[in-house]
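Data file: input.cif. Format and content: mmCIF, C-alpha atoms.
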data_structure
loop_
_atom_site.label_atom_id
_atom_site.label_comp_id
_atom_site.auth_asym_id
_atom_site.auth_seq_id
_atom_site.Cartn_x
_atom_site.Cartn_y
_atom_site.Cartn_z
CA MET I 3 89.72 4.68 93.58
CA ALA I 4 88.45 1.27 94.57
CA TYR I 5 91.23 -1.22 94.19
CA ALA I 6 91.04 -4.99 94.30
CA PRO I 7 94.48 -6.53 94.21
CA SER I 8 93.35 -9.50 92.20
CA ALA I 9 91.75 -7.37 89.52
CA PRO I 10 93.36 -3.96 89.45
CA GLU I 11 91.71 -1.19 87.60
CA LEU I 12 93.84 0.32 84.94
CA PRO I 13 94.09 3.84 83.63
CA GLU I 14 91.58 4.47 80.89
CA SER I 15 94.36 4.84 78.39
CA PHE I 16 95.16 1.14 78.77
CA GLY I 17 92.03 0.21 76.89
CA GLN I 18 92.26 2.82 74.20
CA GLN I 19 93.63 2.23 70.78
CA LEU I 20 97.08 3.62 71.13
CA ASP I 21 98.91 5.22 68.31
CA GLU I 22 101.27 2.77 66.75
CA GLU I 23 104.41 4.29 68.13
CA ALA I 24 103.04 4.34 71.65
CA ARG I 25 101.86 0.77 71.55
CA TYR I 26 105.13 -0.50 72.84
CA THR I 27 106.96 2.65 73.50
CA TYR I 28 109.06 2.34 76.52
CA ALA I 29 110.81 5.36 77.80
CA TYR I 30 113.90 5.51 79.95
CA PRO I 31 115.74 3.61 81.25
CA TYR I 32 116.02 1.10 78.45
CA GLY I 33 117.46 0.70 75.12
CA GLN I 34 120.22 3.23 75.02
CA PRO I 35 123.08 1.07 73.85
CA THR I 36 126.06 1.56 76.06
CA ASN I 37 129.48 1.61 74.53
CA GLN I 38 131.76 1.10 77.43
CA LEU I 39 133.91 -1.58 75.96
CA GLY I 40 137.10 -0.91 74.11
CA SER I 41 138.03 -3.05 71.19
CA SER I 42 140.20 -5.21 73.41
CA GLY I 43 137.32 -6.62 75.48
CA MET I 44 138.27 -4.38 78.40
CA PHE I 45 136.24 -1.66 80.01
CA SER I 46 136.48 1.73 78.35
CA PRO I 47 138.04 4.55 80.40
CA GLU I 48 134.69 6.24 81.05
CA THR I 49 133.20 3.17 82.74
CA HIS I 50 132.04 3.87 86.28
CA PRO I 51 134.82 2.68 88.63
CA ASP I 52 132.33 0.69 90.72
CA ILE I 53 131.57 -1.43 87.68
CA VAL I 54 135.21 -2.23 87.09
CA ARG I 55 135.87 -2.86 90.78
CA SER I 56 132.98 -5.24 91.19
CA PHE I 57 133.92 -7.11 88.01
CA GLU I 58 137.48 -7.51 89.19
CA SER I 59 136.55 -8.38 92.76
CA ALA I 60 134.62 -11.36 91.42
CA GLY I 61 137.56 -12.61 89.40
CA GLY I 62 136.43 -11.30 86.05
CA ASN I 63 139.83 -9.81 85.34
CA ARG I 64 141.39 -13.27 85.34
CA SER I 65 139.19 -15.06 82.80
CA GLY I 66 137.65 -12.02 81.17
CA PHE I 67 134.19 -13.31 82.09
CA LEU I 68 131.85 -13.72 85.02
CA ASP I 69 130.07 -17.03 85.36
CA GLU I 70 127.02 -17.63 87.54
CA SER I 71 128.70 -17.70 90.93
CA GLU I 72 131.08 -14.89 90.00
CA LEU I 73 128.19 -12.75 88.88
CA ARG I 74 126.47 -13.33 92.20
CA HIS I 75 129.67 -12.22 93.94
CA ALA I 76 130.02 -9.13 91.75
CA LEU I 77 126.42 -8.10 92.36
CA SER I 78 126.76 -8.59 96.11
CA PHE I 79 129.86 -6.40 95.98
CA SER I 80 127.68 -3.77 94.30
CA GLY I 81 125.03 -3.92 96.99
CA TYR I 82 122.63 -6.28 95.21
CA GLU I 83 122.46 -8.96 97.84
CA GLY I 84 119.92 -11.68 98.12
CA ILE I 85 119.18 -11.95 94.43
CA SER I 86 117.84 -15.46 93.90
CA ASN I 87 119.67 -18.07 91.88
CA ARG I 88 116.82 -18.03 89.44
CA THR I 89 117.10 -14.32 88.84
CA ILE I 90 120.88 -14.55 88.47
CA ARG I 91 120.39 -17.28 85.88
CA PHE I 92 117.75 -15.23 84.14
CA LEU I 93 120.03 -12.16 83.99
CA LEU I 94 122.78 -14.29 82.46
CA PHE I 95 120.40 -15.45 79.77
CA ILE I 96 119.22 -11.95 78.98
CA TYR I 97 122.59 -10.20 79.05
CA LYS I 98 125.04 -12.70 77.69
CA SER I 99 126.33 -12.01 74.24
CA PRO I 100 124.27 -13.85 71.61
CA ALA I 101 127.54 -15.19 70.22
CA GLU I 102 128.45 -16.70 73.59
CA SER I 103 127.44 -20.31 74.06
CA LEU I 104 128.27 -20.34 77.77
CA LEU I 105 126.26 -18.54 80.41
CA ARG I 106 128.79 -15.85 81.24
CA LEU I 107 129.26 -12.13 80.84
CA GLY I 108 132.22 -10.18 79.52
CA PRO I 109 132.98 -6.58 80.53
CA LYS I 110 130.63 -5.06 77.98
CA GLU I 111 127.68 -7.21 78.98
CA TYR I 112 128.41 -6.77 82.66
CA ALA I 113 128.53 -2.98 82.33
CA GLU I 114 125.17 -3.05 80.53
CA LEU I 115 123.66 -5.23 83.22
CA TRP I 116 125.12 -3.07 86.00
CA ASN I 117 123.71 0.13 84.52
CA CYS I 118 120.36 -1.49 83.95
CA LEU I 119 120.19 -2.78 87.52
CA ALA I 120 120.92 0.70 88.85
CA GLN I 121 118.03 2.03 86.79
CA TRP I 122 115.65 -0.70 87.93
CA ARG I 123 116.70 -0.04 91.51
CA ALA I 124 115.93 3.68 91.12
CA MET I 125 112.61 2.76 89.55
CA PHE I 126 111.77 0.43 92.40
CA ASP I 127 112.58 3.10 94.98
CA ARG I 128 110.53 5.64 93.07
CA TYR I 129 107.41 3.50 92.86
CA ASP I 130 107.70 1.92 96.26
CA SER I 131 105.67 4.90 97.33
CA ASP I 132 105.12 3.77 100.89
CA ARG I 133 108.86 3.02 101.34
CA SER I 134 108.03 -0.48 102.47
CA GLY I 135 110.88 -2.09 100.54
CA LYS I 136 108.16 -4.04 98.78
CA MET I 137 106.07 -3.21 95.78
CA ASN I 138 102.42 -4.08 95.74
CA ALA I 139 100.28 -4.78 92.68
CA LEU I 140 99.13 -1.17 92.45
CA GLU I 141 102.68 0.15 92.57
CA LEU I 142 103.74 -2.43 90.00
CA ARG I 143 100.97 -1.31 87.69
CA ASP I 144 102.07 2.31 88.11
CA ALA I 145 105.69 1.43 87.45
CA PHE I 146 104.85 -0.41 84.23
CA TYR I 147 102.56 2.37 83.15
CA HIS I 148 105.11 5.09 83.67
CA LEU I 149 107.76 3.03 81.95
CA GLY I 150 105.53 3.21 78.91
CA TYR I 151 104.46 -0.45 78.86
CA MET I 152 100.88 -0.34 77.76
CA LEU I 153 99.99 -3.71 79.21
CA PRO I 154 96.38 -4.67 78.74
CA SER I 155 94.64 -5.47 81.97
CA SER I 156 94.39 -9.15 81.05
CA VAL I 157 98.17 -9.34 80.79
CA LEU I 158 98.71 -7.42 83.99
CA GLN I 159 96.35 -9.76 85.79
CA LEU I 160 98.26 -12.74 84.47
CA ILE I 161 101.47 -11.23 85.80
CA ILE I 162 99.88 -10.65 89.17
CA LEU I 163 98.47 -14.18 89.31
CA SER I 164 101.77 -15.74 88.26
CA GLN I 165 104.12 -13.53 90.23
CA LEU I 166 102.25 -12.10 93.20
CA ASP I 167 99.74 -14.77 94.13
CA ASP I 168 100.84 -16.87 97.07
CA GLY I 169 98.89 -19.91 95.91
CA THR I 170 95.82 -19.32 98.04
CA GLY I 171 94.40 -16.34 96.20
CA ASN I 172 96.22 -13.81 98.35
CA THR I 173 98.39 -11.25 96.64
CA VAL I 174 101.80 -10.74 98.19
CA ASP I 175 104.18 -7.86 97.63
CA LEU I 176 107.23 -7.98 95.41
CA CYS I 177 110.72 -7.46 96.74
CA PHE I 178 113.26 -5.84 94.45
CA ASP I 179 114.41 -9.24 93.21
CA ARG I 180 110.97 -10.19 91.93
CA PHE I 181 110.23 -6.71 90.66
CA LEU I 182 113.39 -6.94 88.62
CA GLU I 183 112.38 -10.30 87.23
CA CYS I 184 108.86 -9.12 86.34
CA GLY I 185 110.18 -6.00 84.71
CA MET I 186 112.85 -7.81 82.74
CA ILE I 187 110.37 -10.39 81.49
CA VAL I 188 108.00 -7.74 80.20
CA LYS I 189 110.81 -5.66 78.72
CA SER I 190 112.57 -8.57 77.06
CA LEU I 191 109.49 -10.23 75.62
CA THR I 192 108.30 -6.87 74.30
CA GLU I 193 111.64 -6.28 72.61
CA LYS I 194 111.61 -9.75 71.07
CA PHE I 195 108.12 -9.15 69.74
CA LYS I 196 109.07 -5.74 68.35
CA GLU I 197 111.89 -7.32 66.38
CA LYS I 198 109.22 -9.31 64.54
CA ASP I 199 106.99 -6.26 64.09
CA PRO I 200 109.27 -3.66 62.56
CA GLY I 201 106.31 -1.68 61.26
CA TYR I 202 104.82 -1.25 64.75
CA THR I 203 101.49 -2.67 63.68
CA GLY I 204 100.88 -4.46 66.96
CA TYR I 205 100.92 -7.80 65.14
CA ALA I 206 103.70 -10.18 64.24
CA THR I 207 103.76 -13.32 62.16
CA LEU I 208 105.96 -15.94 63.73
CA SER I 209 107.06 -19.37 62.64
CA TYR I 210 106.69 -22.14 65.19
CA ASP I 211 110.47 -22.32 65.47
CA ALA I 212 110.82 -18.59 66.00
CA PHE I 213 108.06 -18.58 68.58
CA MET I 214 109.61 -21.39 70.60
CA SER I 215 113.07 -19.85 70.34
CA MET I 216 111.77 -16.50 71.53
CA VAL I 217 110.04 -17.90 74.54
CA ILE I 218 112.06 -20.78 75.91
CA PRO I 219 114.97 -18.71 77.24
CA PHE I 220 112.53 -16.94 79.54
CA ILE I 221 111.01 -20.06 80.93
CA ALA I 222 111.80 -22.00 84.01
CA SER I 223 115.54 -22.33 83.82
CA TYR I 224 117.65 -24.72 85.82
CA ASP I 225 118.19 -23.68 89.41
CA MET H 25 127.31 -41.94 67.22
CA ALA H 26 129.42 -39.07 68.48
CA TYR H 27 127.44 -37.14 71.02
CA ALA H 28 128.25 -33.79 72.56
CA PRO H 29 125.77 -32.97 75.29
CA SER H 30 125.87 -29.27 74.61
CA ALA H 31 125.09 -29.71 70.94
CA PRO H 32 123.22 -32.93 70.40
CA GLU H 33 122.92 -34.33 66.95
CA LEU H 34 119.40 -34.76 65.80
CA PRO H 35 117.77 -37.30 63.54
CA GLU H 36 117.94 -36.22 59.94
CA SER H 37 114.21 -35.84 59.86
CA PHE H 38 114.47 -32.88 62.22
CA GLY H 39 115.90 -30.75 59.49
CA GLN H 40 113.59 -31.85 56.74
CA GLN H 41 110.56 -29.98 55.63
CA LEU H 42 107.85 -31.90 57.34
CA ASP H 43 104.43 -32.31 55.95
CA GLU H 44 102.08 -29.86 57.50
CA GLU H 45 100.25 -32.31 59.67
CA ALA H 46 103.45 -33.73 61.07
CA ARG H 47 104.93 -30.37 61.87
CA TYR H 48 103.42 -30.38 65.29
CA THR H 49 101.90 -33.74 65.45
CA TYR H 50 102.18 -35.19 68.83
CA ALA H 51 101.09 -38.71 69.40
CA TYR H 52 100.03 -40.30 72.63
CA PRO H 53 99.78 -39.59 75.44
CA TYR H 54 98.24 -36.17 74.99
CA GLY H 55 95.12 -34.59 73.91
CA GLN H 56 92.53 -37.25 74.47
CA PRO H 57 89.99 -35.30 76.44
CA THR H 58 88.96 -37.21 79.49
CA ASN H 59 85.40 -37.12 80.61
CA GLN H 60 85.52 -38.33 84.14
CA LEU H 61 83.41 -35.67 85.70
CA GLY H 62 79.70 -35.94 86.20
CA SER H 63 77.55 -32.90 85.86
CA SER H 64 77.63 -32.38 89.61
CA GLY H 65 81.33 -31.58 89.76
CA MET H 66 82.05 -35.03 91.22
CA PHE H 67 84.14 -37.79 89.74
CA SER H 68 82.34 -40.04 87.31
CA PRO H 69 81.93 -43.70 88.31
CA GLU H 70 84.60 -44.92 85.91
CA THR H 71 87.31 -42.75 87.46
CA HIS H 72 90.28 -44.78 88.70
CA PRO H 73 89.81 -45.25 92.47
CA ASP H 74 93.36 -44.02 93.16
CA ILE H 75 92.43 -40.67 91.67
CA VAL H 76 89.41 -40.32 93.92
CA ARG H 77 91.29 -41.55 96.99
CA SER H 78 94.18 -39.14 96.52
CA PHE H 79 91.82 -36.23 95.89
CA GLU H 80 89.88 -37.01 99.03
CA SER H 81 92.96 -37.69 101.14
CA ALA H 82 94.11 -34.17 100.44
CA GLY H 83 90.83 -32.64 101.51
CA GLY H 84 89.38 -32.08 98.06
CA ASN H 85 86.07 -33.65 99.07
CA ARG H 86 85.50 -30.87 101.58
CA SER H 87 85.91 -27.78 99.41
CA GLY H 88 85.56 -29.46 96.02
CA PHE H 89 89.00 -28.17 95.03
CA LEU H 90 92.68 -28.74 95.65
CA ASP H 91 94.84 -25.70 96.25
CA GLU H 92 98.61 -25.66 96.03
CA SER H 93 99.45 -27.41 99.30
CA GLU H 94 96.56 -29.85 98.91
CA LEU H 95 97.72 -30.73 95.43
CA ARG H 96 101.19 -31.45 96.78
CA HIS H 97 99.61 -33.72 99.36
CA ALA H 98 97.47 -35.50 96.78
CA LEU H 99 100.42 -36.08 94.49
CA SER H 100 102.57 -37.40 97.34
CA PHE H 101 99.74 -39.76 98.18
CA SER H 102 99.89 -40.96 94.57
CA GLY H 103 103.63 -41.61 94.71
CA TYR H 104 104.78 -38.34 93.16
CA GLU H 105 106.98 -37.14 95.94
CA GLY H 106 109.59 -34.44 95.78
CA ILE H 107 107.91 -32.42 93.07
CA SER H 108 109.22 -28.88 93.46
CA ASN H 109 107.03 -25.98 94.47
CA ARG H 110 107.70 -24.46 91.11
CA THR H 111 106.46 -27.49 89.23
CA ILE H 112 103.37 -27.75 91.44
CA ARG H 113 102.61 -24.11 90.70
CA PHE H 114 103.21 -24.69 87.03
CA LEU H 115 100.84 -27.68 86.96
CA LEU H 116 98.15 -25.60 88.63
CA PHE H 117 98.52 -22.97 85.94
CA ILE H 118 98.33 -25.48 83.14
CA TYR H 119 95.50 -27.60 84.50
CA LYS H 120 93.20 -25.20 86.25
CA SER H 121 89.94 -24.48 84.53
CA PRO H 122 90.22 -21.32 82.40
CA ALA H 123 87.09 -20.08 84.11
CA GLU H 124 88.73 -20.42 87.53
CA SER H 125 90.41 -17.30 88.83
CA LEU H 126 92.08 -19.08 91.74
CA LEU H 127 94.95 -21.51 91.38
CA ARG H 128 93.05 -24.66 92.27
CA LEU H 129 91.80 -27.82 90.63
CA GLY H 130 88.39 -29.41 90.75
CA PRO H 131 87.81 -33.16 90.26
CA LYS H 132 87.77 -32.96 86.47
CA GLU H 133 91.03 -31.03 86.26
CA TYR H 134 92.67 -33.19 88.88
CA ALA H 135 91.74 -36.39 87.04
CA GLU H 136 93.21 -34.97 83.84
CA LEU H 137 96.40 -34.02 85.61
CA TRP H 138 96.64 -37.40 87.32
CA ASN H 139 96.25 -39.31 84.06
CA CYS H 140 98.74 -37.06 82.35
CA LEU H 141 101.31 -37.52 85.12
CA ALA H 142 100.96 -41.28 84.86
CA GLN H 143 101.70 -41.05 81.15
CA TRP H 144 104.69 -38.75 81.65
CA ARG H 145 105.97 -41.13 84.29
CA ALA H 146 105.70 -44.07 81.90
CA MET H 147 107.42 -42.00 79.24
CA PHE H 148 110.23 -41.12 81.61
CA ASP H 149 110.75 -44.76 82.56
CA ARG H 150 110.69 -45.79 78.92
CA TYR H 151 113.34 -43.28 77.81
CA ASP H 152 115.48 -43.47 80.90
CA SER H 153 117.16 -46.26 79.00
CA ASP H 154 119.99 -46.76 81.45
CA ARG H 155 117.55 -46.92 84.39
CA SER H 156 119.47 -44.23 86.20
CA GLY H 157 116.38 -42.42 87.43
CA LYS H 158 117.73 -39.46 85.49
CA MET H 159 117.30 -38.49 81.89
CA ASN H 160 120.23 -37.09 79.98
CA ALA H 161 120.09 -34.75 77.01
CA LEU H 162 120.21 -37.62 74.52
CA GLU H 163 117.34 -39.44 76.21
CA LEU H 164 115.38 -36.19 76.37
CA ARG H 165 115.88 -35.68 72.67
CA ASP H 166 114.68 -39.22 71.98
CA ALA H 167 111.64 -38.74 74.20
CA PHE H 168 110.61 -35.54 72.44
CA TYR H 169 111.23 -37.13 69.08
CA HIS H 170 109.12 -40.17 69.78
CA LEU H 171 106.39 -38.02 71.25
CA GLY H 172 106.18 -36.42 67.84
CA TYR H 173 107.59 -33.04 68.78
CA MET H 174 109.65 -32.01 65.81
CA LEU H 175 111.80 -29.59 67.71
CA PRO H 176 114.45 -27.93 65.58
CA SER H 177 117.94 -28.39 66.94
CA SER H 178 118.18 -24.70 67.84
CA VAL H 179 115.16 -25.04 70.10
CA LEU H 180 116.39 -28.27 71.62
CA GLN H 181 119.71 -26.63 72.37
CA LEU H 182 117.94 -23.73 74.06
CA ILE H 183 116.05 -26.19 76.22
CA ILE H 184 119.26 -27.95 77.15
CA LEU H 185 121.02 -24.68 77.95
CA SER H 186 118.11 -23.38 80.01
CA GLN H 187 117.13 -26.61 81.73
CA LEU H 188 120.15 -28.89 81.86
CA ASP H 189 123.12 -26.54 82.10
CA ASP H 190 124.46 -26.19 85.62
CA GLY H 191 125.75 -22.67 85.05
CA THR H 192 129.31 -23.65 84.24
CA GLY H 193 128.76 -25.19 80.83
CA ASN H 194 128.25 -28.69 82.21
CA THR H 195 125.10 -30.53 81.32
CA VAL H 196 123.35 -32.24 84.18
CA ASP H 197 120.69 -34.92 84.00
CA LEU H 198 117.00 -34.34 84.50
CA CYS H 199 115.08 -35.97 87.29
CA PHE H 200 111.42 -36.79 86.67
CA ASP H 201 110.37 -33.44 88.11
CA ARG H 202 112.38 -31.44 85.58
CA PHE H 203 111.55 -33.81 82.74
CA LEU H 204 107.90 -33.23 83.49
CA GLU H 205 108.39 -29.49 83.47
CA CYS H 206 110.35 -29.53 80.20
CA GLY H 207 107.80 -31.74 78.56
CA MET H 208 104.84 -29.73 79.76
CA ILE H 209 106.41 -26.49 78.58
CA VAL H 210 106.98 -27.84 75.10
CA LYS H 211 103.55 -29.46 74.96
CA SER H 212 101.68 -26.44 76.28
CA LEU H 213 103.44 -23.84 74.17
CA THR H 214 102.95 -25.98 71.08
CA GLU H 215 99.25 -26.31 71.79
CA LYS H 216 98.92 -22.57 72.35
CA PHE H 217 100.66 -21.91 69.06
CA LYS H 218 98.50 -24.42 67.22
CA GLU H 219 95.37 -22.63 68.40
CA LYS H 220 96.62 -19.62 66.46
CA ASP H 221 97.53 -21.72 63.42
CA PRO H 222 94.40 -23.71 62.67
CA GLY H 223 95.52 -24.36 59.11
CA TYR H 224 98.74 -26.04 60.24
CA THR H 225 100.88 -23.75 58.13
CA GLY H 226 103.68 -23.55 60.66
CA TYR H 227 103.09 -19.82 61.03
CA ALA H 228 100.82 -17.80 63.23
CA THR H 229 100.00 -14.12 63.36
CA LEU H 230 99.74 -12.91 66.92
CA SER H 231 98.80 -9.59 68.42
CA TYR H 232 101.13 -8.24 71.09
CA ASP H 233 98.43 -8.84 73.69
CA ALA H 234 97.86 -12.42 72.57
CA PHE H 235 101.58 -13.12 72.52
CA MET H 236 102.12 -11.82 76.04
CA SER H 237 99.05 -13.65 77.32
CA MET H 238 100.23 -16.90 75.77
CA VAL H 239 103.65 -16.73 77.27
CA ILE H 240 103.43 -15.16 80.71
CA PRO H 241 101.66 -18.05 82.44
CA PHE H 242 104.65 -20.23 81.62
CA ILE H 243 107.22 -17.86 82.98
CA ALA H 244 108.87 -17.69 86.32
CA SER H 245 105.93 -17.94 88.65
CA TYR H 246 105.93 -17.11 92.33
CA ASP H 247 107.56 -19.70 94.51
#
Would you kindly transcribe this structure into structure tokens?
Amino acid sequence: MAYAPSAPELPESFGQQLDEEARYTYAYPYGQPTNQLGSSGMFSPETHPDIVRSFESAGGNRSGFLDESELRHALSFSGYEGISNRTIRFLLFIYKSPAESLLRLGPKEYAELWNCLAQWRAMFDRYDSDRSGKMNALELRDAFYHLGYMLPSSVLQLIILSQLDDGTGNTVDLCFDRFLECGMIVKSLTEKFKEKDPGYTGYATLSYDAFMSMVIPFIASYD
Amino acid sequence: MAYAPSAPELPESFGQQLDEEARYTYAYPYGQPTNQLGSSGMFSPETHPDIVRSFESAGGNRSGFLDESELRHALSFSGYEGISNRTIRFLLFIYKSPAESLLRLGPKEYAELWNCLAQWRAMFDRYDSDRSGKMNALELRDAFYHLGYMLPSSVLQLIILSQLDDGTGNTVDLCFDRFLECGMIVKSLTEKFKEKDPGYTGYATLSYDAFMSMVIPFIASYD
């Protein structure tokens, strides 16, 4: 198949009218709520020991929370090194409890993030088909597709231009860090939209306030 | 007035039901379309000479366009030094011609950007009331308010948490660079929303595709 990085072809199904359920269906690994937290704000007994160890190694057992630098430490302990400040900040925004005004994670949120990262990592390894440690635009397209994100080609091209273009029209490959960020953006925005479209019509009516509130947490945070 | 940086009070008018026109009214300095480009893709005679000089100094007269590094050069030439790569990239996204697939600006787009930057700079100086060279959350609120952006307090707080929080719950001040980015995000998202709400009802119905396409260019671009 001819493939131009700046304008990838998409499977024919991308352009078809999808059935309503499939329009934003996403399969594994998302959305299964974990329940690894006991009522006391501690980890439940069935939590993977690596999760507890990394949380405690970063000092989370003292305050009960991980802040930005502690989260970086905990993720390094778990083998996720070199994650950019921006991505760390972004993960805090996505995973912190909605009731929490500070950017920090408790045990429950950290366990959810940890499990999710492991799944994204497995996904990255699966679709990094040439084992380069980098994902190119074609592999990214395949990963989204097999995750069930029916991104129209216009949206995929925007992602490629915003995330993979080096500023001179050349497309660069994504490391795990950026793959994670791309994937989380698509996943999180899709979930936010779905909340406003409970009937799965593919359309949502948003107030200006709701629109701004949905979008701003994803945008250009302090780093 | 008591002022807590993490939860700024807002003028009473923020919470009131605004008349429809005022809901997103923004006053100067936006929206006046400039027409400084002749039909040949060159600057029109009435273009400020500094605009032409900075465009040419960066090599724009050779190719007819400024790419990312050339734009940085041109802006430094114009006194806008120290603008982050991320902001440069963001400006390219916002100002490039929609018909242009590469991230680059022609004379018309560059003149629009240049004029807009001059207005943001004046705005920054006006609301940096303590002449600190930094804008705090209170000054940012005032600047948005006087620009006519009727941001609800929940949205303003999200902006402060995402843009001004240092990761430990402390609010830091914004330099011009970050002020520009904050302001452009609010301005651009508001304009995108307005396009979908021509009747100024305060509500817009968006398809999933349109929503994603509106938002992704503003998010976490390559840097």
(request) Counting only C-alpha atoms, collect the residues of chain I whose closest atom lies at most 8 Å from chain H, and write them out as a PyMOL selection string. (result) chain I and resi 69-70+91+104-105+153-154+156-157+160-161+164-171+191-192+195+204-211+214-215+217-225
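Among the candidates H:Leu90, H:Ala135, H:Met208, H:Ile107, the one nearest to H:His72 when counting all atoms listed in the file is H:Ala135.
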(message) Quick check on the file I pasted: which residues fall under the PyMOL selection byres ((chain H and resi 85) around 12)? Write them as a list of chain:residue names.
(response) H:Gly65, H:Met66, H:Phe67, H:Val76, H:Arg77, H:Ser78, H:Phe79, H:Glu80, H:Ser81, H:Ala82, H:Gly83, H:Gly84, H:Arg86, H:Ser87, H:Gly88, H:Phe89, H:Leu90, H:Glu94, H:Ala98, H:Leu129, H:Gly130, H:Pro131
(request) May I have the protein, DNA and RNA residues with an atom at most 9 Å from (109.7, -41.3, 78.8), counting all atoms listed in the file in the file's coordinates, returned as a VMD selection string? (result) chain H and resid 143 to 153 159 163 to 164 166 to 168 171 203
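Minimum atom-to-atom distances from H:Ile75, H:Leu95, H:Ala123, H:Leu115 to H:Gly207 were compared using all atoms listed in the file, and the lowest value belongs to H:Leu115.
Atom to atom, atom CA of I:Trp116 and atom CA of I:Asp52 stand 9.4 Å apart.
The spacing separating atom CA of I:Ile90 from atom CA of H:Lys216 amounts to 28.4 Å.
In this structure, atom CA of I:Ser99 sits 28.6 Å away from atom CA of H:Ser212.
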